[in-house]
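Please read the structure below before turning to the comments.
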Amino acid sequence: MRLKINIKAKEIPVAYRFGFLSMIKEAVTASDPHYAKQLFDSQNREMKPFAYSTYLKNFRFEGDSIKVDSFTITISSSDLMFMTMLYNGLVHIRKYRYKTYEWERGRIEMLPEKNIQSSSVLFRTLSPLLIESADQQPLAPHDPGYEQEFNYYANLTVQRMLKRSLKKPLIVRPMQMKKVVIKENTHHINGGNQVLYLTAYKGMIFVEGDPADLDCLYKNGCSKRRSAGFGLLDIEMEGMRT
């Protein structure tokens with residue numbers, strides 16, 4: 001299930017991803033505080049059941065802020081309970097304040113979604129892929145360990161959403177990928193205040209594997225920090241061969 005939330009705003013912080021995650025958390029809390037507390041508790045190390053992407057309309061940087069005309073957030077998950085809680089909460093939230101920024105929710109749209117039936121898909125990234133090595137070093141698509149670590153994050157997603165491991169290893173072929181460096185901070189994590197610079201990649205990526213696994217990645221994303229605006233995928237072409 002995919003929802004697109006249209007939001008009226010004049011500016012957002014440069015490090016906006018955790019602000020948007022905070023808004024998602026508030027919407028779920030408005031719907032069911034007990035469910036939200038369990039899901040977003042800082043002691044809960046389980047992956048969140050969603051990924052999201054953003055689109056900023058007519059943006060321009062000014063210091064630590066980004067001036068915008070408006071923005072949209074697209075949230076995807078195969079967990080219908082989570083998406084129901086999210087939708088019900090969003091309906092009751094018209095305005096949201098994050099730090100010194102105030103945003104007004106507009107229309108909520110349900111987007112069409114496909115069911116993958118092929119064993120190969122050319123995905124387009126809606127939000128950048130953040131793939132890191134076991135020692136937390138960013139990997140570029142041409143690095144030797146990229147496919148292995150992509151499989152690692154894919155397996156985590158499938159385990160979280162389908163309660164099983166990947167049916168078989170994925171063949172991964174990045175195509176037309178461009179580097180993006182993203183600034184964030186950790187003020188939301190146990191009172192931290194560390195600035196993070198995350199190296200991610202966006203573009204096209206060919207993935208071959210079991211259709212049910214590919215469908216799970218399409219609907220839930222594949223990346224480190226999925227719930228912080230990374231790894232949401234869309235289908236560019238299904239049944240492609242390289």
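As shown in the structure tokens, the chain order sets the letters A, B, ...; within each chain, residues go from 1, and ligands are also counted from 1 in the order they appear.
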Near segment 159-174 of chain A, 12 Å: segment 77-149 of chain A residue rows, closest pairs, only C-alpha atoms, as JSON lines:
```
{"residue": "A:Ser77", "atom": "CA", "partner": "A:Met161", "partner_atom": "CA", "distance": 9.0}
{"residue": "A:Ser78", "atom": "CA", "partner": "A:Met161", "partner_atom": "CA", "distance": 7.5}
{"residue": "A:Asp79", "atom": "CA", "partner": "A:Met161", "partner_atom": "CA", "distance": 7.4}
{"residue": "A:Leu80", "atom": "CA", "partner": "A:Met161", "partner_atom": "CA", "distance": 11.1}
{"residue": "A:Phe82", "atom": "CA", "partner": "A:Met161", "partner_atom": "CA", "distance": 11.7}
{"residue": "A:Ser119", "atom": "CA", "partner": "A:Leu170", "partner_atom": "CA", "distance": 9.9}
{"residue": "A:Ser120", "atom": "CA", "partner": "A:Ile171", "partner_atom": "CA", "distance": 9.0}
{"residue": "A:Val121", "atom": "CA", "partner": "A:Val172", "partner_atom": "CA", "distance": 10.0}
{"residue": "A:Leu122", "atom": "CA", "partner": "A:Arg173", "partner_atom": "CA", "distance": 9.1}
{"residue": "A:Phe123", "atom": "CA", "partner": "A:Pro174", "partner_atom": "CA", "distance": 9.5}
{"residue": "A:Arg124", "atom": "CA", "partner": "A:Pro174", "partner_atom": "CA", "distance": 10.2}
{"residue": "A:Thr125", "atom": "CA", "partner": "A:Pro174", "partner_atom": "CA", "distance": 10.8}
{"residue": "A:Leu129", "atom": "CA", "partner": "A:Pro174", "partner_atom": "CA", "distance": 10.7}
{"residue": "A:Ala140", "atom": "CA", "partner": "A:Pro174", "partner_atom": "CA", "distance": 9.6}
{"residue": "A:Pro141", "atom": "CA", "partner": "A:Pro174", "partner_atom": "CA", "distance": 5.9}
{"residue": "A:His142", "atom": "CA", "partner": "A:Pro174", "partner_atom": "CA", "distance": 7.8}
{"residue": "A:Asp143", "atom": "CA", "partner": "A:Pro174", "partner_atom": "CA", "distance": 10.6}
{"residue": "A:Pro144", "atom": "CA", "partner": "A:Val172", "partner_atom": "CA", "distance": 11.5}
{"residue": "A:Gly145", "atom": "CA", "partner": "A:Val172", "partner_atom": "CA", "distance": 11.0}
{"residue": "A:Tyr146", "atom": "CA", "partner": "A:Val172", "partner_atom": "CA", "distance": 8.4}
{"residue": "A:Glu147", "atom": "CA", "partner": "A:Val172", "partner_atom": "CA", "distance": 5.6}
{"residue": "A:Gln148", "atom": "CA", "partner": "A:Leu170", "partner_atom": "CA", "distance": 8.7}
{"residue": "A:Glu149", "atom": "CA", "partner": "A:Val172", "partner_atom": "CA", "distance": 10.3}
```
Would you output that residue set with N, CA and C atoms, as a CSV table (one decimal), in the first residue's frame?
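Listing of out.csv after writing:
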```
chain,number,residue,atom,x,y,z
A,77,SER,N,4.3,0.4,2.5
A,77,SER,CA,4.4,-0.7,3.4
A,77,SER,C,3.4,-1.8,3.0
A,78,SER,N,3.8,-3.1,3.2
A,78,SER,CA,2.9,-4.2,3.0
A,78,SER,C,2.2,-4.5,4.3
A,79,ASP,N,2.5,-3.8,5.4
A,79,ASP,CA,1.9,-4.0,6.7
A,79,ASP,C,0.6,-3.1,6.7
A,80,LEU,N,-0.5,-3.8,6.5
A,80,LEU,CA,-1.8,-3.0,6.4
A,80,LEU,C,-2.2,-2.4,7.8
A,82,PHE,N,-0.1,-1.1,10.0
A,82,PHE,CA,0.6,0.1,10.1
A,82,PHE,C,0.1,1.2,9.2
A,119,SER,N,10.9,-12.8,-12.2
A,119,SER,CA,12.1,-13.0,-11.4
A,119,SER,C,13.2,-12.0,-11.6
A,120,SER,N,12.9,-10.9,-12.4
A,120,SER,CA,13.8,-9.8,-12.6
A,120,SER,C,13.1,-8.5,-12.8
A,121,VAL,N,13.6,-7.5,-12.2
A,121,VAL,CA,13.0,-6.1,-12.2
A,121,VAL,C,14.1,-5.1,-12.3
A,122,LEU,N,13.8,-4.1,-13.1
A,122,LEU,CA,14.7,-2.9,-13.1
A,122,LEU,C,13.9,-1.9,-12.2
A,123,PHE,N,14.5,-1.6,-11.1
A,123,PHE,CA,14.0,-0.6,-10.2
A,123,PHE,C,14.5,0.7,-10.4
A,124,ARG,N,13.7,1.7,-10.1
A,124,ARG,CA,14.1,3.1,-10.0
A,124,ARG,C,14.0,3.6,-8.6
A,125,THR,N,15.1,4.2,-8.1
A,125,THR,CA,15.0,4.6,-6.7
A,125,THR,C,14.2,5.9,-6.5
A,129,LEU,N,19.6,4.8,-2.1
A,129,LEU,CA,20.0,3.6,-1.5
A,129,LEU,C,21.2,3.8,-0.6
A,140,ALA,N,30.0,2.1,-2.7
A,140,ALA,CA,29.5,2.5,-4.0
A,140,ALA,C,29.0,1.3,-4.8
A,141,PRO,N,28.2,1.6,-5.8
A,141,PRO,CA,27.6,0.5,-6.6
A,141,PRO,C,28.7,-0.4,-7.3
A,142,HIS,N,29.8,0.2,-7.6
A,142,HIS,CA,30.9,-0.6,-8.3
A,142,HIS,C,31.8,-1.3,-7.3
A,143,ASP,N,31.6,-1.1,-6.0
A,143,ASP,CA,32.5,-1.8,-5.0
A,143,ASP,C,32.2,-3.3,-5.0
A,144,PRO,N,33.2,-4.1,-4.8
A,144,PRO,CA,33.1,-5.6,-4.8
A,144,PRO,C,32.0,-6.1,-3.9
A,145,GLY,N,31.9,-5.5,-2.7
A,145,GLY,CA,30.9,-6.1,-1.7
A,145,GLY,C,29.5,-5.5,-1.8
A,146,TYR,N,29.2,-4.7,-2.8
A,146,TYR,CA,27.9,-4.1,-2.9
A,146,TYR,C,26.8,-5.1,-3.0
A,147,GLU,N,26.9,-6.1,-3.9
A,147,GLU,CA,25.8,-7.0,-4.0
A,147,GLU,C,25.6,-7.8,-2.7
A,148,GLN,N,26.7,-8.2,-2.1
A,148,GLN,CA,26.6,-9.0,-0.8
A,148,GLN,C,25.8,-8.2,0.2
A,149,GLU,N,26.2,-6.9,0.4
A,149,GLU,CA,25.5,-6.1,1.4
A,149,GLU,C,24.1,-5.7,1.0
```
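The coordinates place atom CA of Arg94 of chain A at 29.7 Å from atom CA of Gln43 of chain A.
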message: Run DSSP on the backbone and tell me which residues of segment 126-191 of chain A come out as strand (DSSP E); list them as a ChimeraX atom specification.
response: /A:171-185
field: Counting only C-alpha atoms, the residue of A:Met23, A:Ile182, A:Cys222, A:Ala212 that sits nearest Leu156 of chain A
entry: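 Once distances to Leu156 of chain A are computed over only C-alpha atoms, the minimum belongs to A:Cys222.
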- request: Skip Glu62 of chain A itself and residues of its chain fewer than 4 positions away, then list as number ranges by chain all residues within 10 Å of it, counting only C-alpha atoms.
  value: A: 11, 13-14, 66-67
Coordinates-based distance that separates atom CA of Asn155 of chain A from atom CA of Asp215 of chain A (Å, one decimal):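 About the pair atom CA of Asp215 of chain A and atom CA of Asn155 of chain A: they are 12.8 Å apart.
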Residue contacts of Arg2 of chain A (10 Å, only C-alpha atoms) excluding same-chain residues fewer than 6 positions away, as a PDB file with C-alpha atoms, in the first residue's frame:
```
ATOM      1  CA  PHE A  50       7.924   1.056   5.977  1.00  0.00           C
ATOM      2  CA  ALA A  51      10.052   3.172   3.683  1.00  0.00           C
ATOM      3  CA  TYR A  52       9.395   6.657   2.396  1.00  0.00           C
ATOM      4  CA  THR A  74       5.292   8.909  -0.308  1.00  0.00           C
ATOM      5  CA  ILE A  75       5.100   6.107   2.277  1.00  0.00           C
ATOM      6  CA  SER A  76       4.991   2.432   1.330  1.00  0.00           C
ATOM      7  CA  SER A  77       4.449  -0.740   3.362  1.00  0.00           C
ATOM      8  CA  SER A  78       2.867  -4.162   2.993  1.00  0.00           C
ATOM      9  CA  MET A  83      -0.738   1.857   7.037  1.00  0.00           C
ATOM     10  CA  GLU A 109      -3.724  10.049  -1.977  1.00  0.00           C
ATOM     11  CA  MET A 110      -3.636   6.273  -2.317  1.00  0.00           C
ATOM     12  CA  LEU A 111      -1.254   5.395  -5.156  1.00  0.00           C
ATOM     13  CA  PRO A 112      -1.657   2.423  -7.522  1.00  0.00           C
ATOM     14  CA  GLU A 113       0.584  -0.521  -6.704  1.00  0.00           C
ATOM     15  CA  LYS A 219       6.533  -2.624  -1.282  1.00  0.00           C
ATOM     16  CA  ASN A 220       8.791  -2.097   1.743  1.00  0.00           C
TER      17      ASN A 220
END
```
- request: Enumerate as an MDAnalysis selection string all residues of segment 56-165 of chain A assigned to helix (DSSP H, G or I) by DSSP on the backbone, naming them with the chain letters and numbers the document uses.
  value: chainID A and resid 80:91 146:162
Serialized selection, N, CA and C atoms, as a CSV table (one decimal), in the first residue's frame:
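The file below, result_31.csv, is the result:
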```
chain,number,residue,atom,x,y,z
A,80,LEU,N,-0.5,-3.8,6.5
A,80,LEU,CA,-1.8,-3.0,6.4
A,80,LEU,C,-2.2,-2.4,7.8
A,81,MET,N,-1.8,-3.0,8.9
A,81,MET,CA,-2.1,-2.5,10.2
A,81,MET,C,-1.4,-1.1,10.3
A,82,PHE,N,-0.1,-1.1,10.0
A,82,PHE,CA,0.6,0.1,10.1
A,82,PHE,C,0.1,1.2,9.2
A,83,MET,N,-0.2,0.9,8.0
A,83,MET,CA,-0.7,1.9,7.0
A,83,MET,C,-2.1,2.4,7.4
A,84,THR,N,-2.9,1.5,8.0
A,84,THR,CA,-4.2,2.0,8.5
A,84,THR,C,-4.1,2.9,9.7
A,85,MET,N,-3.2,2.6,10.6
A,85,MET,CA,-2.9,3.5,11.7
A,85,MET,C,-2.4,4.8,11.2
A,86,LEU,N,-1.5,4.8,10.3
A,86,LEU,CA,-0.9,6.0,9.7
A,86,LEU,C,-2.0,6.9,9.1
A,87,TYR,N,-2.8,6.3,8.2
A,87,TYR,CA,-3.8,7.0,7.5
A,87,TYR,C,-4.8,7.6,8.5
A,88,ASN,N,-5.3,6.8,9.5
A,88,ASN,CA,-6.3,7.4,10.4
A,88,ASN,C,-5.7,8.5,11.2
A,89,GLY,N,-4.4,8.4,11.6
A,89,GLY,CA,-3.8,9.5,12.3
A,89,GLY,C,-3.6,10.7,11.5
A,90,LEU,N,-3.2,10.6,10.2
A,90,LEU,CA,-3.0,11.7,9.3
A,90,LEU,C,-4.3,12.5,9.1
A,91,VAL,N,-5.4,11.8,9.1
A,91,VAL,CA,-6.7,12.5,8.9
A,91,VAL,C,-7.0,13.5,10.0
A,146,TYR,N,29.2,-4.7,-2.8
A,146,TYR,CA,27.9,-4.1,-2.9
A,146,TYR,C,26.8,-5.1,-3.0
A,147,GLU,N,26.9,-6.1,-3.9
A,147,GLU,CA,25.8,-7.0,-4.0
A,147,GLU,C,25.6,-7.8,-2.7
A,148,GLN,N,26.7,-8.2,-2.1
A,148,GLN,CA,26.6,-9.0,-0.8
A,148,GLN,C,25.8,-8.2,0.2
A,149,GLU,N,26.2,-6.9,0.4
A,149,GLU,CA,25.5,-6.1,1.4
A,149,GLU,C,24.1,-5.7,1.0
A,150,PHE,N,23.8,-5.5,-0.3
A,150,PHE,CA,22.5,-5.3,-0.7
A,150,PHE,C,21.6,-6.5,-0.3
A,151,ASN,N,22.2,-7.7,-0.5
A,151,ASN,CA,21.5,-8.9,-0.1
A,151,ASN,C,21.2,-9.0,1.4
A,152,TYR,N,22.2,-8.5,2.2
A,152,TYR,CA,22.0,-8.4,3.6
A,152,TYR,C,20.8,-7.6,4.0
A,153,TYR,N,20.7,-6.4,3.5
A,153,TYR,CA,19.6,-5.5,3.8
A,153,TYR,C,18.3,-6.0,3.2
A,154,ALA,N,18.4,-6.6,2.1
A,154,ALA,CA,17.2,-7.2,1.5
A,154,ALA,C,16.6,-8.4,2.4
A,155,ASN,N,17.6,-9.2,2.9
A,155,ASN,CA,17.2,-10.3,3.8
A,155,ASN,C,16.6,-9.8,5.1
A,156,LEU,N,17.1,-8.7,5.6
A,156,LEU,CA,16.5,-8.1,6.8
A,156,LEU,C,15.1,-7.6,6.6
A,157,THR,N,14.8,-7.0,5.4
A,157,THR,CA,13.5,-6.6,5.1
A,157,THR,C,12.5,-7.7,4.9
A,158,VAL,N,12.9,-8.8,4.2
A,158,VAL,CA,12.1,-9.9,4.0
A,158,VAL,C,11.8,-10.6,5.4
A,159,GLN,N,12.8,-10.7,6.2
A,159,GLN,CA,12.6,-11.3,7.5
A,159,GLN,C,11.6,-10.5,8.3
A,160,ARG,N,11.7,-9.2,8.3
A,160,ARG,CA,10.8,-8.4,9.0
A,160,ARG,C,9.4,-8.5,8.5
A,161,MET,N,9.2,-8.5,7.2
A,161,MET,CA,7.9,-8.4,6.7
A,161,MET,C,7.2,-9.7,6.4
A,162,LEU,N,8.0,-10.7,6.0
A,162,LEU,CA,7.5,-12.0,5.6
A,162,LEU,C,7.8,-13.1,6.6
```
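Restricting the calculation to only C-alpha atoms, the smallest distance between Lys57 of chain A and any of A:Ile7, A:Met1, A:Leu39, A:Ile116 is found for A:Ile7.
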query: Nearest to Glu132 of chain A: which of A:Phe206, A:Tyr218, A:Tyr201, A:Tyr35 is it, counting only C-alpha atoms?
result: A:Tyr201
